[in-house]
Structures are given as structure tokens and as C-alpha cells.
file my_file-v3.cif (mmCIF, C-alpha atoms)
data_protein
#
loop_
_atom_site.label_atom_id
_atom_site.label_comp_id
_atom_site.auth_asym_id
_atom_site.auth_seq_id
_atom_site.Cartn_x
_atom_site.Cartn_y
_atom_site.Cartn_z
CA MET A 1 -204.39 -2.60 -30.07
CA ASN A 2 -207.12 -2.43 -32.68
CA ALA A 3 -209.46 0.52 -33.04
CA GLU A 4 -212.48 -1.45 -31.81
CA GLN A 5 -210.81 -2.39 -28.53
CA ALA A 6 -209.55 1.18 -28.07
CA ALA A 7 -213.10 2.51 -28.60
CA ARG A 8 -214.50 0.09 -26.00
CA GLU A 9 -211.88 1.01 -23.42
CA MET A 10 -212.24 4.74 -23.98
CA MET A 11 -216.05 4.54 -23.66
CA ALA A 12 -215.57 2.98 -20.22
CA MET A 13 -213.68 6.08 -19.00
CA PRO A 14 -214.90 9.57 -18.13
CA GLY A 15 -214.71 11.59 -21.37
CA ILE A 16 -211.91 13.84 -20.16
CA ASP A 17 -209.73 10.84 -19.31
CA ALA A 18 -210.39 9.27 -22.72
CA MET A 19 -209.38 12.52 -24.45
CA ARG A 20 -206.24 12.77 -22.26
CA ALA A 21 -205.34 9.20 -23.17
CA LEU A 22 -205.46 10.22 -26.86
CA VAL A 23 -203.24 13.26 -26.24
CA GLU A 24 -200.73 11.08 -24.38
CA GLY A 25 -200.72 8.54 -27.19
CA ARG A 26 -201.99 5.69 -25.01
CA TYR A 27 -204.43 4.83 -27.81
CA PRO A 28 -203.77 4.97 -31.54
CA PRO A 29 -204.97 8.22 -33.16
CA PRO A 30 -208.36 7.82 -34.87
CA SER A 31 -208.04 7.21 -38.60
CA ILE A 32 -209.72 10.50 -39.57
CA SER A 33 -206.92 12.44 -37.86
CA VAL A 34 -204.25 10.42 -39.67
CA THR A 35 -206.02 10.80 -43.04
CA LEU A 36 -206.47 14.58 -42.68
CA GLY A 37 -203.23 15.36 -40.80
CA PHE A 38 -204.30 16.74 -37.43
CA ARG A 39 -204.03 15.54 -33.83
CA LEU A 40 -205.41 16.26 -30.38
CA VAL A 41 -202.77 18.19 -28.38
CA GLU A 42 -204.51 19.66 -25.33
CA VAL A 43 -207.54 18.82 -23.18
CA GLY A 44 -209.31 20.61 -20.31
CA ASP A 45 -212.77 20.63 -18.79
CA GLY A 46 -215.02 21.63 -21.72
CA PHE A 47 -211.97 22.48 -23.84
CA VAL A 48 -209.71 20.82 -26.41
CA ALA A 49 -207.12 21.88 -28.95
CA PHE A 50 -206.16 20.10 -32.17
CA GLU A 51 -203.13 20.99 -34.28
CA GLY A 52 -202.62 20.10 -37.89
CA GLU A 53 -200.91 20.95 -41.10
CA PRO A 54 -202.95 20.62 -44.30
CA SER A 55 -201.10 18.61 -46.95
CA ASP A 56 -201.52 18.17 -50.71
CA ALA A 57 -203.89 15.29 -49.91
CA VAL A 58 -206.65 17.76 -48.99
CA LEU A 59 -206.50 20.19 -51.91
CA ASN A 60 -209.56 21.05 -54.00
CA PRO A 61 -209.32 21.15 -57.83
CA MET A 62 -208.16 24.79 -57.68
CA GLY A 63 -205.16 23.85 -55.54
CA ILE A 64 -206.37 25.37 -52.30
CA VAL A 65 -207.26 23.47 -49.15
CA HIS A 66 -210.81 22.14 -49.34
CA GLY A 67 -213.19 23.84 -46.89
CA GLY A 68 -214.16 20.38 -45.67
CA TRP A 69 -210.77 20.13 -43.97
CA ALA A 70 -211.50 23.15 -41.75
CA LEU A 71 -215.10 22.00 -41.27
CA THR A 72 -213.95 18.56 -40.13
CA LEU A 73 -211.55 20.19 -37.70
CA ILE A 74 -214.36 22.40 -36.33
CA ASP A 75 -216.69 19.38 -36.00
CA SER A 76 -213.94 17.38 -34.27
CA ALA A 77 -212.90 20.19 -31.89
CA CYS A 78 -216.50 20.92 -30.88
CA GLY A 79 -217.29 17.22 -30.43
CA ALA A 80 -214.13 16.45 -28.44
CA ALA A 81 -214.68 19.54 -26.20
CA GLY A 82 -218.21 18.26 -25.54
CA HIS A 83 -216.90 14.79 -24.84
CA THR A 84 -214.71 16.07 -21.98
CA THR A 85 -217.94 16.85 -20.06
CA LEU A 86 -219.37 13.30 -20.31
CA PRO A 87 -219.17 10.65 -17.59
CA ALA A 88 -217.99 7.10 -18.31
CA GLY A 89 -220.28 5.09 -20.55
CA VAL A 90 -222.04 8.15 -22.02
CA GLY A 91 -221.51 8.98 -25.69
CA TYR A 92 -222.54 11.73 -28.07
CA GLY A 93 -223.21 12.38 -31.71
CA SER A 94 -222.85 15.68 -33.51
CA LEU A 95 -226.23 16.74 -34.95
CA GLU A 96 -225.20 19.84 -36.86
CA THR A 97 -222.18 22.00 -37.56
CA LYS A 98 -221.91 25.44 -39.10
CA GLY A 99 -218.62 26.97 -40.16
CA ASN A 100 -217.45 30.32 -41.52
CA PHE A 101 -214.35 30.35 -43.74
CA VAL A 102 -212.82 33.76 -43.23
CA ARG A 103 -209.37 33.25 -44.77
CA GLN A 104 -208.09 30.95 -47.49
CA ILE A 105 -205.97 27.98 -46.36
CA THR A 106 -203.36 26.76 -48.85
CA GLY A 107 -200.93 23.84 -48.88
CA SER A 108 -198.26 26.25 -47.62
CA THR A 109 -200.23 27.87 -44.77
CA GLY A 110 -198.41 25.68 -42.26
CA ARG A 111 -199.49 24.56 -38.83
CA LEU A 112 -202.97 25.58 -37.66
CA ARG A 113 -204.60 25.16 -34.28
CA ALA A 114 -208.30 24.45 -33.68
CA GLU A 115 -209.57 25.22 -30.18
CA GLY A 116 -213.01 23.93 -29.20
CA ARG A 117 -214.99 25.18 -26.18
CA VAL A 118 -218.30 24.02 -24.73
CA LEU A 119 -220.87 26.85 -24.65
CA ALA A 120 -223.83 25.03 -23.09
CA ARG A 121 -224.13 21.58 -21.55
CA GLY A 122 -227.70 20.45 -20.91
CA ARG A 123 -228.92 16.96 -20.08
CA THR A 124 -229.59 16.00 -23.71
CA ILE A 125 -227.97 18.67 -25.88
CA LEU A 126 -224.61 20.38 -25.75
CA THR A 127 -223.32 23.21 -27.93
CA ALA A 128 -219.71 24.13 -28.60
CA GLU A 129 -217.70 26.58 -30.68
CA ALA A 130 -214.33 26.26 -32.40
CA LYS A 131 -211.80 28.65 -33.91
CA ILE A 132 -208.95 27.81 -36.27
CA THR A 133 -205.94 30.13 -36.00
CA ASP A 134 -202.28 30.19 -37.00
CA ALA A 135 -199.28 30.68 -34.71
CA GLY A 136 -199.70 34.47 -34.90
CA GLY A 137 -203.36 34.24 -33.84
CA LYS A 138 -204.73 35.05 -37.31
CA LEU A 139 -208.24 33.58 -37.68
CA TYR A 140 -208.91 31.22 -40.65
CA ALA A 141 -212.28 29.67 -39.78
CA HIS A 142 -214.74 29.48 -36.93
CA GLY A 143 -217.88 27.51 -36.25
CA THR A 144 -220.33 25.90 -33.86
CA SER A 145 -221.79 22.42 -33.35
CA THR A 146 -224.83 20.96 -31.65
CA CYS A 147 -224.29 17.50 -30.12
CA MET A 148 -226.79 15.07 -28.68
CA ILE A 149 -225.77 13.22 -25.53
CA ILE A 150 -226.44 9.51 -25.79
CA TYR A 151 -226.99 7.63 -22.52
CA PRO A 152 -226.80 3.87 -22.24
CA GLU A 153 -230.26 2.29 -22.39
CA GLY A 154 -232.46 2.97 -19.40
CA ARG A 155 -230.34 5.82 -18.07
CA ASN A 156 -231.13 9.49 -18.36
CA THR A 157 -228.30 11.14 -16.47
CA MET B 1 -199.11 21.39 -55.85
CA THR B 2 -200.51 24.84 -55.34
CA SER B 3 -201.72 26.94 -58.22
CA ASP B 4 -203.27 30.36 -58.55
CA LYS B 5 -206.96 29.59 -58.72
CA TYR B 6 -207.61 32.30 -61.32
CA THR B 7 -205.04 30.92 -63.75
CA HIS B 8 -205.96 27.26 -63.27
CA PRO B 9 -206.69 25.62 -66.66
CA LEU B 10 -210.21 24.71 -65.53
CA MET B 11 -210.83 28.41 -64.88
CA ALA B 12 -210.49 29.17 -68.61
CA MET B 13 -213.75 27.30 -69.24
CA HIS B 14 -217.35 28.03 -68.36
CA GLY B 15 -218.01 26.52 -64.93
CA ILE B 16 -220.28 23.79 -66.22
CA ASP B 17 -217.67 22.72 -68.81
CA ALA B 18 -214.97 22.71 -66.13
CA MET B 19 -217.14 20.44 -63.97
CA ARG B 20 -217.77 18.16 -66.98
CA ALA B 21 -214.01 18.01 -67.59
CA MET B 22 -213.60 16.81 -64.01
CA ILE B 23 -216.08 14.00 -64.60
CA ASP B 24 -214.55 13.01 -67.96
CA ASN B 25 -210.94 13.00 -66.79
CA PRO B 26 -210.25 11.40 -63.41
CA ARG B 27 -206.91 13.27 -63.32
CA ASN B 28 -208.95 16.40 -62.74
CA ASN B 29 -210.48 14.88 -59.60
CA SER B 30 -209.41 16.73 -56.48
CA TYR B 31 -206.83 15.32 -54.09
CA VAL B 32 -209.33 15.67 -51.28
CA GLY B 33 -211.73 13.47 -53.24
CA ASP B 34 -209.08 10.77 -53.57
CA THR B 35 -208.20 11.14 -49.88
CA LEU B 36 -211.79 10.83 -48.69
CA GLY B 37 -213.10 8.43 -51.36
CA PHE B 38 -215.57 10.51 -53.33
CA ARG B 39 -215.87 11.98 -56.82
CA LEU B 40 -218.07 14.16 -58.98
CA VAL B 41 -220.43 11.99 -61.05
CA LYS B 42 -223.01 14.33 -62.62
CA VAL B 43 -223.51 18.02 -63.32
CA ASP B 44 -226.17 20.16 -64.90
CA ASN B 45 -227.00 23.83 -64.83
CA GLY B 46 -227.11 24.66 -61.09
CA PHE B 47 -226.81 20.99 -60.12
CA ALA B 48 -224.02 18.61 -59.08
CA ALA B 49 -223.88 15.08 -57.68
CA PHE B 50 -220.94 13.44 -55.90
CA GLU B 51 -220.71 9.79 -54.91
CA GLY B 52 -218.53 8.48 -52.11
CA VAL B 53 -217.85 5.27 -50.27
CA PRO B 54 -216.87 5.64 -46.60
CA SER B 55 -214.02 3.48 -45.34
CA ASP B 56 -212.05 2.80 -42.17
CA ARG B 57 -209.70 5.69 -43.07
CA MET B 58 -212.09 8.33 -41.70
CA LEU B 59 -213.21 7.00 -38.33
CA ASN B 60 -213.52 8.96 -35.11
CA PRO B 61 -212.17 7.43 -31.85
CA PHE B 62 -215.41 5.49 -31.38
CA GLY B 63 -215.28 3.66 -34.66
CA ILE B 64 -217.90 5.60 -36.64
CA VAL B 65 -217.26 7.82 -39.64
CA ASN B 66 -216.34 11.36 -38.57
CA GLY B 67 -219.15 13.85 -39.26
CA GLY B 68 -216.65 15.86 -41.28
CA TRP B 69 -216.79 13.27 -44.06
CA ALA B 70 -220.50 13.92 -44.74
CA LEU B 71 -219.96 17.67 -44.31
CA THR B 72 -217.09 17.61 -46.81
CA LEU B 73 -219.22 15.76 -49.38
CA LEU B 74 -222.11 18.23 -48.96
CA TYR B 75 -219.66 21.14 -49.19
CA SER B 76 -218.17 19.77 -52.42
CA ALA B 77 -221.57 19.19 -53.99
CA CYS B 78 -222.77 22.70 -53.13
CA GLY B 79 -219.51 24.21 -54.39
CA ALA B 80 -219.67 22.30 -57.69
CA ALA B 81 -223.36 23.16 -58.22
CA ALA B 82 -222.51 26.85 -57.62
CA HIS B 83 -219.56 26.62 -60.02
CA THR B 84 -221.77 25.41 -62.90
CA THR B 85 -223.40 28.87 -62.98
CA LEU B 86 -220.12 30.79 -63.47
CA PRO B 87 -218.72 32.00 -66.79
CA ALA B 88 -215.07 31.45 -67.71
CA ARG B 89 -212.48 33.17 -65.48
CA VAL B 90 -215.03 33.79 -62.71
CA GLY B 91 -214.49 31.88 -59.48
CA HIS B 92 -216.20 31.52 -56.16
CA ASP B 93 -215.24 31.01 -52.54
CA THR B 94 -217.53 29.24 -50.10
CA VAL B 95 -217.75 31.61 -47.13
CA GLU B 96 -219.96 29.53 -44.85
CA MET B 97 -221.65 26.17 -44.54
CA LYS B 98 -224.14 24.57 -42.20
CA GLY B 99 -224.88 20.85 -42.20
CA ASN B 100 -227.24 18.60 -40.27
CA LEU B 101 -226.05 15.07 -39.55
CA LEU B 102 -229.14 12.86 -39.29
CA ARG B 103 -227.92 9.30 -39.38
CA THR B 104 -224.66 7.63 -38.39
CA VAL B 105 -222.34 6.79 -41.29
CA ARG B 106 -220.23 3.67 -40.73
CA ALA B 107 -217.22 2.29 -42.57
CA ASP B 108 -219.52 -0.37 -44.10
CA THR B 109 -222.50 1.90 -44.92
CA GLY B 110 -221.65 1.67 -48.62
CA ARG B 111 -222.07 4.17 -51.41
CA LEU B 112 -223.71 7.50 -50.59
CA ARG B 113 -224.71 10.23 -53.01
CA ALA B 114 -224.67 13.98 -52.36
CA GLU B 115 -226.92 15.99 -54.68
CA ALA B 116 -226.78 19.77 -54.61
CA TYR B 117 -228.94 22.43 -56.20
CA VAL B 118 -228.32 26.15 -56.46
CA VAL B 119 -231.07 27.96 -54.54
CA SER B 120 -230.11 31.52 -55.49
CA ARG B 121 -227.58 32.99 -57.94
CA GLU B 122 -227.15 36.77 -57.92
CA ARG B 123 -224.25 38.96 -59.02
CA THR B 124 -222.23 38.58 -55.83
CA LEU B 125 -223.62 35.64 -53.86
CA ILE B 126 -224.70 32.07 -54.56
CA THR B 127 -226.54 29.84 -52.09
CA ALA B 128 -226.89 26.10 -52.58
CA GLU B 129 -228.38 23.17 -50.69
CA ALA B 130 -227.37 19.49 -50.70
CA LYS B 131 -228.67 16.17 -49.42
CA LEU B 132 -226.70 13.00 -48.75
CA THR B 133 -228.69 9.81 -49.35
CA ASP B 134 -228.10 6.08 -49.87
CA ALA B 135 -229.19 3.94 -52.82
CA VAL B 136 -232.76 3.59 -51.50
CA GLY B 137 -233.12 7.31 -50.78
CA LYS B 138 -232.59 7.20 -46.99
CA ILE B 139 -231.24 10.59 -45.94
CA TYR B 140 -228.01 10.78 -43.90
CA ALA B 141 -227.25 14.52 -43.91
CA HIS B 142 -228.22 17.79 -45.51
CA GLY B 143 -226.69 21.23 -45.65
CA THR B 144 -226.47 24.68 -47.21
CA THR B 145 -223.62 26.93 -48.32
CA THR B 146 -223.07 30.59 -49.15
CA SER B 147 -220.50 31.42 -51.84
CA LEU B 148 -218.97 34.72 -52.80
CA ILE B 149 -218.43 35.19 -56.54
CA ARG B 150 -214.94 36.43 -57.45
CA TYR B 151 -214.59 38.35 -60.73
CA PRO B 152 -211.21 39.11 -62.29
CA ASN B 153 -210.41 42.79 -62.77
CA HIS B 154 -212.37 44.49 -65.58
CA HIS B 155 -214.77 41.56 -66.00
CA PRO B 156 -217.94 42.79 -67.79
CA ASP B 157 -220.24 41.12 -65.22
CA LYS B 158 -218.42 42.67 -62.26
#
call {"tool": "encode", "arguments": {"input": "my_file-v3.cif", "output": "C-alpha cells"}}
result
Amino acid sequence: MNAEQAAREMMAMPGIDAMRALVEGRYPPPSISVTLGFRLVEVGDGFVAFEGEPSDAVLNPMGIVHGGWALTLIDSACGAAGHTTLPAGVGYGSLETKGNFVRQITGSTGRLRAEGRVLARGRTILTAEAKITDAGGKLYAHGTSTCMIIYPEGRNT
Amino acid sequence: MTSDKYTHPLMAMHGIDAMRAMIDNPRNNSYVGDTLGFRLVKVDNGFAAFEGVPSDRMLNPFGIVNGGWALTLLYSACGAAAHTTLPARVGHDTVEMKGNLLRTVRADTGRLRAEAYVVSRERTLITAEAKLTDAVGKIYAHGTTTSLIRYPNHHPDK
């Protein structure tokens, strides 16, 4: 199945079902998650978790993991958590993301988990937060996103 | 490859020279730049520009470029602009970033340019801002970062 067809089919489902289908591998993982080495592992109502292991492909010139890796994970976890609250046919776009990098991530940090949770879900705007931790619960980065809910033309709910 | 950031060869140079060395020698480009299709193209004192071309390797499940791509470009530009203000052996860590995503980036959007300027450079903190635009100046995203300056032990500026 190509990515375009997968996107069409997933948009026709309630958001939480689309996210579950990704966890279960019923659709191919989106290319960003392959490129950056993380995948969706858990989904709930207003909640998701990604897991990933940074590789050499995401190092900055100083040999440490580029902050953009954590930021992308925060943006993805917040967006996917928001998406679980959307009915079929309704999409979203992330408008802004802010992240704090509280501990350095290196190529040898190992597996990290990003959990995203919806904080507020209005008709037009939703906000979510994400935390990136290791297996021992040590915090590496945290952040928030604002997403705009996009209804099909002519609909406002 | 992981190296101690304070003993990295680029750290032996003034920040602006290290950034110029990255432009002059593509081998100094970061792995993340190769992975996400962007590179440093211009630096000046307190300024850096990256250019990147989005591709189908960075799409979210709905077929548009993940917001993290634009955020990563803005982050890199702010970090490089901040680095141009640092003397040899002094490093910095970006401690936070906020970005606004204004326009959808698609796999076929074409070349985008992230330009960053240092807003404030004090002894301990640097703030920088960046904008991501296309060839005709249409803005796709903008953001700001805060960086903590890291001095080696006994550095005179510390």
C-alpha cells in the first residue's frame, strides 16, 4: 500500500482507530519515523507513546544528538495525542511547539520513550504536552504544542 | 561516532571560523543535515543561514512534511548563529526552543532557507531567532532559542 492510500484510509477513521492501526502495523510507518528511528507503540484517549533510539544519522557536528530529534518527537507525540480525540474526516495541523532540553542525548543513550497527553481540547484549538524519558524514568526533554483542528469544508464540529 | 564536544577539532577554532569550516568542507556537515536534507550555507557575526529541500523521507502519516523538519532547521540556524559569537574552546547547549509553524511544507515545496540572528549575547546566555522562507520570501515558520554558554575550566571569560 502506498503512503497516499494509507493517508486517505486513515483520514476516514476516527483518529484513535487510525493511531491504533499504526501501532498494530496495519499501515506502513510514516517516513519521518523511519528516517529518525522512532515508532508509535501505545495509544489511548488523548494519549500516545512513541519509542525510539537515536542513531548516528541524527548527530550534530559535535557528535551529540541534534535537539531537533527530541523536538520532532515532542511535536509528533503532542500531535498524535491530539489526533486520538478527532472524529473521522477531521484533521489537524500543529501551529507551534516549544521544547526544553534538560539532559544531553548521545548516540549511546539508548531507547527513549516520548509520551504525549492532551491538555485542552476545544472546538478549534487543542493543546498537548510531551515528555521524553529513558527506561529508568530520567527526563531528557519536555514540551508543549498547540494544534489547530481542521474540519472538512462546511463543517464546524 | 560520538566525540567529546569540548575536544572536537572544530572547538579549537573561534566559532565563526568553525562554522566557515563547515561550509567549506562538506565532510564537516552534520549527520542530521544529511539525514534531513539541509546544510549550512552562510555565516556572519551573529548570523547563520541553512538551506534545505524537503523530500518524501520526512512525511507524517497524512503525507505532509512533519513539523519537526522545519523546527530542526530553525534550531540548527539559531544554534549556528549563536556559535559564531563564541571564542575557541567555548561551547553552547540549546536549552529551549519555541517554533511557530505557519504554512504546510510538502515533499515538493522545494528549497527553503532558514536565516537566524542572535538577539542577545551575554556572558552566560544567548538568544537567537530564525525564519524559514522560500525563494520569493514567503514565510513557512519562525522560532527562537535560548542557549547556555559552556566555558572550559579556567577560561578567562568564565
call {"tool": "closest_residue", "arguments": {"input": "my_file-v3.cif", "among": "A:Ala80, A:Ala57, A:Leu112, A:Val90", "to": "A:Met13", "atoms": "all atoms listed in the file"}}
result
A:Val90
call {"tool": "resolve_selection", "arguments": {"input": "my_file-v3.cif", "expression": "the PyMOL selection byres ((chain B) within 9 of (chain A))", "output": "PyMOL selection string"}}
result
chain B and resi 1-6+8+10-11+22+28-36+56-63+65-69+71-76+93-104
call {"tool": "closest_residue", "arguments": {"input": "my_file-v3.cif", "among": "A:His83, A:Arg155, A:Arg113, A:Lys131", "to": "A:Glu51", "atoms": "only C-alpha atoms"}}
result
A:Arg113
call {"tool": "atom_distance", "arguments": {"input": "my_file-v3.cif", "atom1": "atom CA of B:His83", "atom2": "atom CA of B:Ala21"}}
result
12.7 Å
call {"tool": "atom_distance", "arguments": {"input": "my_file-v3.cif", "atom1": "atom CA of B:Ala18", "atom2": "atom CA of B:Glu129"}}
result
20.5 Å
call {"tool": "closest_residue", "arguments": {"input": "my_file-v3.cif", "among": "A:Ala88, A:Gly52, A:Arg121, A:Ala128", "to": "A:Gly37", "atoms": "all atoms listed in the file"}}
result
A:Gly52
call {"tool": "resolve_selection", "arguments": {"input": "my_file-v3.cif", "expression": "the PyMOL selection byres ((chain B and resi 15) around 7)", "output": "list in words"}}
result
Met13, His14, Ile16, Asp17, Ala18, Met19, His83, Thr84, Thr85, Leu86, Pro87 and Ala88 of chain B
call {"tool": "resolve_selection", "arguments": {"input": "my_file-v3.cif", "expression": "the PyMOL selection byres ((chain A and resi 40) around 8)", "output": "list in words"}}
result
Leu22, Val23, Phe38, Arg39, Val41, Glu42, Val43, Val48, Ala49, Phe50 and Glu51 of chain A
call {"tool": "atom_distance", "arguments": {"input": "my_file-v3.cif", "atom1": "atom CA of A:Met1", "atom2": "atom CA of A:Glu24"}}
result
15.3 Å
call {"tool": "residues_around", "arguments": {"input": "my_file-v3.cif", "residues": "A:Thr85", "least_positions_apart": "3", "cutoff": "7 Å", "atoms": "all atoms listed in the file", "output": "list in words"}}
result
Gly15, Ile16, Asp45, Gly46 and Gly82 of chain A
call {"tool": "axis_aligned_box", "arguments": {"input": "my_file-v3.cif", "around": "stretch 70-84 of chain A", "padding_each_side": "5 Å", "output": "AutoDock Vina command-line options"}}
result
--center_x -214.9 --center_y 19.0 --center_z -31.9 --size_x 16.7 --size_y 18.4 --size_z 29.8
call {"tool": "closest_residue", "arguments": {"input": "my_file-v3.cif", "among": "B:Leu112, B:Ile64, B:Val90, B:Ala77", "to": "B:Thr127", "atoms": "all atoms listed in the file"}}
result
B:Ala77
call {"tool": "closest_residue", "arguments": {"input": "my_file-v3.cif", "among": "B:Asn153, B:Glu122, B:Ala48, B:Arg113", "to": "B:Val136", "atoms": "only C-alpha atoms"}}
result
B:Arg113
call {"tool": "decode", "arguments": {"input": "my_file-v3.cif", "residues": "stretch 64-134 of chain B", "atoms": "C-alpha atoms", "output": "short mmCIF file (atom, residue, chain, number, x, y, z; two decimals), in the first residue's frame"}}
result
data_model
loop_
_atom_site.label_atom_id
_atom_site.label_comp_id
_atom_site.auth_asym_id
_atom_site.auth_seq_id
_atom_site.Cartn_x
_atom_site.Cartn_y
_atom_site.Cartn_z
CA ILE B 64 2.78 16.24 4.62
CA VAL B 65 6.24 17.08 5.94
CA ASN B 66 6.43 16.57 9.71
CA GLY B 67 6.58 19.88 11.61
CA GLY B 68 9.78 18.62 13.20
CA TRP B 69 11.63 19.17 9.92
CA ALA B 70 11.03 22.95 9.99
CA LEU B 71 11.70 23.03 13.74
CA THR B 72 15.01 21.20 13.25
CA LEU B 73 16.09 23.66 10.54
CA LEU B 74 15.21 26.67 12.73
CA TYR B 75 17.00 25.05 15.68
CA SER B 76 20.14 24.47 13.61
CA ALA B 77 20.15 28.02 12.27
CA CYS B 78 19.75 29.53 15.75
CA GLY B 79 22.44 27.23 17.14
CA ALA B 80 24.91 28.09 14.37
CA ALA B 81 24.22 31.84 14.68
CA ALA B 82 24.84 31.58 18.44
CA HIS B 83 28.04 29.61 17.84
CA THR B 84 29.54 32.36 15.64
CA THR B 85 29.80 34.57 18.76
CA LEU B 86 31.90 32.07 20.77
CA PRO B 87 35.68 32.12 21.12
CA ALA B 88 37.74 28.95 20.69
CA ARG B 89 37.09 26.15 23.22
CA VAL B 90 33.80 27.71 24.34
CA GLY B 91 30.65 25.76 23.51
CA HIS B 92 26.94 26.18 23.93
CA ASP B 93 23.93 23.99 24.57
CA THR B 94 20.48 24.96 23.36
CA VAL B 95 18.27 24.64 26.44
CA GLU B 96 14.92 25.52 24.89
CA MET B 97 13.24 26.33 21.61
CA LYS B 98 9.84 27.53 20.50
CA GLY B 99 8.71 27.49 16.89
CA ASN B 100 5.58 28.60 15.06
CA LEU B 101 4.56 26.58 12.02
CA LEU B 102 2.67 28.91 9.68
CA ARG B 103 2.38 27.12 6.38
CA THR B 104 2.32 23.46 5.39
CA VAL B 105 5.59 22.12 3.98
CA ARG B 106 5.16 19.38 1.38
CA ALA B 107 7.61 16.94 -0.17
CA ASP B 108 7.51 19.05 -3.36
CA THR B 109 7.67 22.51 -1.73
CA GLY B 110 11.26 22.91 -2.91
CA ARG B 111 14.19 24.71 -1.37
CA LEU B 112 13.61 26.60 1.88
CA ARG B 113 16.05 28.86 3.70
CA ALA B 114 16.34 29.33 7.46
CA GLU B 115 18.06 32.57 8.49
CA ALA B 116 18.91 33.15 12.13
CA TYR B 117 20.16 36.19 14.01
CA VAL B 118 21.48 36.42 17.54
CA VAL B 119 19.16 38.68 19.54
CA SER B 120 21.18 38.80 22.76
CA ARG B 121 24.66 37.56 23.72
CA GLU B 122 25.68 37.90 27.36
CA ARG B 123 28.25 36.01 29.42
CA THR B 124 26.04 33.01 30.17
CA LEU B 125 23.07 33.07 27.78
CA ILE B 126 22.48 33.60 24.08
CA THR B 127 19.06 34.05 22.48
CA ALA B 128 18.51 33.81 18.74
CA GLU B 129 15.58 33.99 16.33
CA ALA B 130 15.12 32.35 12.93
CA LYS B 131 12.72 32.48 9.99
CA LEU B 132 12.11 29.81 7.35
CA THR B 133 11.18 31.24 3.94
CA ASP B 134 11.01 30.14 0.30
#
